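Report on the following structure.
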Amino acid sequence: MVLKTRDRLIEVARQLFARKGVENTTMNDIASASDKGRRTIYTYFKNKRDIFNAVIEQETAKLLIELEQIARQHNPPAEKIETFIRVRFETMREIVSRNGSLRAGFFRDVRKVDRARKLINRREMEILSEILREGVDQGAFSIDNVPQTASVIIHAIHGLDVPYIRDNLLDQGLDKDMVIKRMTALLLDGLRVRQFTH
């Protein structure tokens, strides 16, 4: 199957970024590797950052599709939350691992990561909000502001991306599975002891 020109340029750039790193890849490299002229590249992209964002967007499209499928499942909302967290962490780990030198940039340049994240941030929050609203409607969750809660949860998950991917929490007894379990328990059960009245 022949990729459309824009998609072809994105895939060539992704491979070059993965192999050489974003900083070491030039527009000429992308033009040469794609058998296109620089003029063709500039028809689709303003600059290298624009191509980098397109690569991240394409790489994370799979994540968004998987998260949307979780929201549409007929499982209880609490189960969807756990699946959402697991899929979110694992898919990000796969994306970073698959992209070689991008991995170094991911860990080194927080600003670049944050810019790339903004491309999918809003959609992740919308999907999570849908699950949270369903939980509220079913009486499973007590949430006074769903969009704000979704925002806090998504940012908390993002904060764990690097430690999760690098397995940095092993010295605290937290392997990948335990990170997911602890995060899920915190979200679903909270910290307070529930007082039951008869």
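Lettering and numbering for the structure tokens are positional, with chains as A, B, ... in the shown order, residues counted from 1 in each chain, and ligands counted from 1 in the shown order.
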>> Quick one: residues within 12 Å of Arg122 (chain A), only C-alpha atoms, excluding same-chain residues fewer than 5 positions away - as a ChimeraX atom specification?
In response: /A:64,116-117,127-129,147-148,150-151,154-155
>> List as a ChimeraX atom specification the protein and nucleic acid residues near Leu63 (chain A), meaning an atom at most 8 Å away when only C-alpha atoms are counted, but skip any in the same chain fewer than 5 places from it.
In response: /A:87-88,91-92
>> Need to verify the contact set: Thr5 (chain A), 10 Å, only C-alpha atoms, exclusion of same-chain residues closer than 2 positions in sequence. Can you return it as a PyMOL selection string?
In response: chain A and resi 2-3+7-11+34+36+40-41+44
> Got a sec: who's within 12 Å of Thr83 (chain A), counting only C-alpha atoms, leaving out chain neighbours fewer than 6 positions off, as a list in words?
Replying inline: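 Result of the neighbour search: Glu66, Leu67, Glu68, Gln69, Ile70, Ala71, Gln73, Asn75, Pro76, Pro77, Phe89, Glu90, Thr91, Leu128, Ile131, Asp177, Ile180, Lys181, Met183 and Thr184 of chain A.
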Write to file, as a CSV table (one decimal), in the first residue's frame, the residues of the selection just made, with N, CA, C and O atoms.
```csv
chain,number,residue,atom,x,y,z
A,66,GLU,N,-7.7,3.3,21.3
A,66,GLU,CA,-7.8,2.2,22.4
A,66,GLU,C,-8.6,2.8,23.6
A,66,GLU,O,-9.4,2.1,24.2
A,67,LEU,N,-8.3,4.0,24.0
A,67,LEU,CA,-9.0,4.6,25.1
A,67,LEU,C,-10.5,4.9,24.8
A,67,LEU,O,-11.4,4.6,25.6
A,68,GLU,N,-10.8,5.2,23.5
A,68,GLU,CA,-12.2,5.4,23.1
A,68,GLU,C,-12.9,4.0,23.1
A,68,GLU,O,-14.1,4.0,23.5
A,69,GLN,N,-12.2,3.0,22.8
A,69,GLN,CA,-12.9,1.6,22.8
A,69,GLN,C,-13.2,1.2,24.3
A,69,GLN,O,-14.2,0.6,24.5
A,70,ILE,N,-12.3,1.6,25.2
A,70,ILE,CA,-12.6,1.3,26.6
A,70,ILE,C,-13.8,2.0,27.1
A,70,ILE,O,-14.7,1.4,27.8
A,71,ALA,N,-14.0,3.3,26.7
A,71,ALA,CA,-15.2,4.1,27.1
A,71,ALA,C,-16.4,3.5,26.6
A,71,ALA,O,-17.5,3.6,27.2
A,73,GLN,N,-17.0,0.2,26.0
A,73,GLN,CA,-17.3,-1.1,26.5
A,73,GLN,C,-18.5,-1.1,27.5
A,73,GLN,O,-18.8,-0.1,28.0
A,75,ASN,N,-18.6,-2.6,30.3
A,75,ASN,CA,-18.1,-2.9,31.7
A,75,ASN,C,-18.5,-1.9,32.7
A,75,ASN,O,-18.7,-0.7,32.3
A,76,PRO,N,-18.4,-2.2,34.0
A,76,PRO,CA,-18.7,-1.2,35.0
A,76,PRO,C,-17.7,-0.1,34.9
A,76,PRO,O,-16.5,-0.3,34.6
A,77,PRO,N,-18.0,1.2,35.3
A,77,PRO,CA,-17.1,2.3,35.2
A,77,PRO,C,-15.8,2.1,36.0
A,77,PRO,O,-14.8,2.5,35.5
A,89,PHE,N,-0.8,3.7,30.3
A,89,PHE,CA,0.7,3.5,30.6
A,89,PHE,C,1.4,2.6,29.7
A,89,PHE,O,2.5,2.9,29.2
A,90,GLU,N,0.8,1.5,29.3
A,90,GLU,CA,1.4,0.5,28.5
A,90,GLU,C,1.6,1.0,27.1
A,90,GLU,O,2.6,0.8,26.4
A,91,THR,N,0.6,1.7,26.5
A,91,THR,CA,0.7,2.2,25.2
A,91,THR,C,1.8,3.3,25.1
A,91,THR,O,2.5,3.3,24.1
A,128,LEU,N,-11.9,10.3,29.4
A,128,LEU,CA,-12.0,9.9,30.8
A,128,LEU,C,-13.2,10.6,31.5
A,128,LEU,O,-13.9,9.9,32.3
A,131,ILE,N,-16.2,8.4,30.9
A,131,ILE,CA,-16.2,7.3,31.9
A,131,ILE,C,-16.7,7.7,33.3
A,131,ILE,O,-17.5,7.1,33.9
A,177,ASP,N,2.9,-3.4,37.4
A,177,ASP,CA,1.5,-3.8,37.8
A,177,ASP,C,1.1,-3.2,39.1
A,177,ASP,O,-0.1,-2.7,39.2
A,180,ILE,N,0.0,0.5,38.6
A,180,ILE,CA,-1.4,0.5,38.1
A,180,ILE,C,-2.4,0.2,39.2
A,180,ILE,O,-3.4,0.9,39.4
A,181,LYS,N,-2.1,-0.8,40.1
A,181,LYS,CA,-3.0,-1.2,41.2
A,181,LYS,C,-3.2,0.0,42.2
A,181,LYS,O,-4.2,0.3,42.6
A,183,MET,N,-2.5,3.2,41.7
A,183,MET,CA,-3.2,4.4,41.1
A,183,MET,C,-4.7,4.1,41.0
A,183,MET,O,-5.5,5.0,41.4
A,184,THR,N,-5.1,2.9,40.6
A,184,THR,CA,-6.5,2.6,40.5
A,184,THR,C,-7.2,2.7,41.9
A,184,THR,O,-8.2,3.3,42.1
```
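Using only C-alpha atoms, the residues found no farther than 8 Å from Arg93 (chain A), other than those of its own chain fewer than 6 positions away, are A:Asp161, A:Tyr164, A:Ile165.
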> What's the 7 Å shell around region 30-32 of chain A, counting only C-alpha atoms, without same-chain residues fewer than 6 positions away, as a list of chain:residue names?
Replying inline: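 The filter keeps A:Val12, A:Ala13, A:Arg38, A:Ile41.
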Would you put the residues from that selection into a file with N, CA and C atoms, as a PDB file, in the first residue's frame?
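Done, and the output landed in result09.pdb:
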```
ATOM      1  N   VAL A  12       8.765   8.523   7.476  1.00  0.00           N
ATOM      2  CA  VAL A  12      10.208   8.660   7.241  1.00  0.00           C
ATOM      3  C   VAL A  12      10.836   9.471   8.371  1.00  0.00           C
ATOM      4  N   ALA A  13      10.182  10.566   8.747  1.00  0.00           N
ATOM      5  CA  ALA A  13      10.694  11.410   9.841  1.00  0.00           C
ATOM      6  C   ALA A  13      10.728  10.610  11.143  1.00  0.00           C
ATOM      7  N   ARG A  38      12.817  19.296  -0.721  1.00  0.00           N
ATOM      8  CA  ARG A  38      12.492  20.114   0.463  1.00  0.00           C
ATOM      9  C   ARG A  38      11.212  20.913   0.250  1.00  0.00           C
ATOM     10  N   ILE A  41       8.274  18.950   1.276  1.00  0.00           N
ATOM     11  CA  ILE A  41       8.128  18.883   2.735  1.00  0.00           C
ATOM     12  C   ILE A  41       7.482  20.153   3.261  1.00  0.00           C
TER      13      ILE A  41
END
```
> How far is it from CA of Asn28 (chain A) to CA of Gln58 (chain A), in Å with one decimal?
Replying inline: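 Distance between the two atoms: 21.6 Å.
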> How many Å separate CA of Asp29 (chain A) from CA of Asn47 (chain A)?
Replying inline: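 Interatomic distance, CA of Asp29 (chain A) to CA of Asn47 (chain A): 13.1 Å.
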>> Using only C-alpha atoms, can you tell me which of A:Asn121, A:Ile51, A:Glu82, A:Ala61 comes closest to Leu188 (chain A)?
In response: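 Of A:Asn121, A:Ile51, A:Glu82, A:Ala61, the one nearest Leu188 (chain A) is A:Glu82, counting only C-alpha atoms.
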> For Ile81 (chain A), which residue out of A:Ile95, A:Val55, A:Ala185, A:Leu191 is the nearest one, using only C-alpha atoms?
Replying inline: A:Ala185
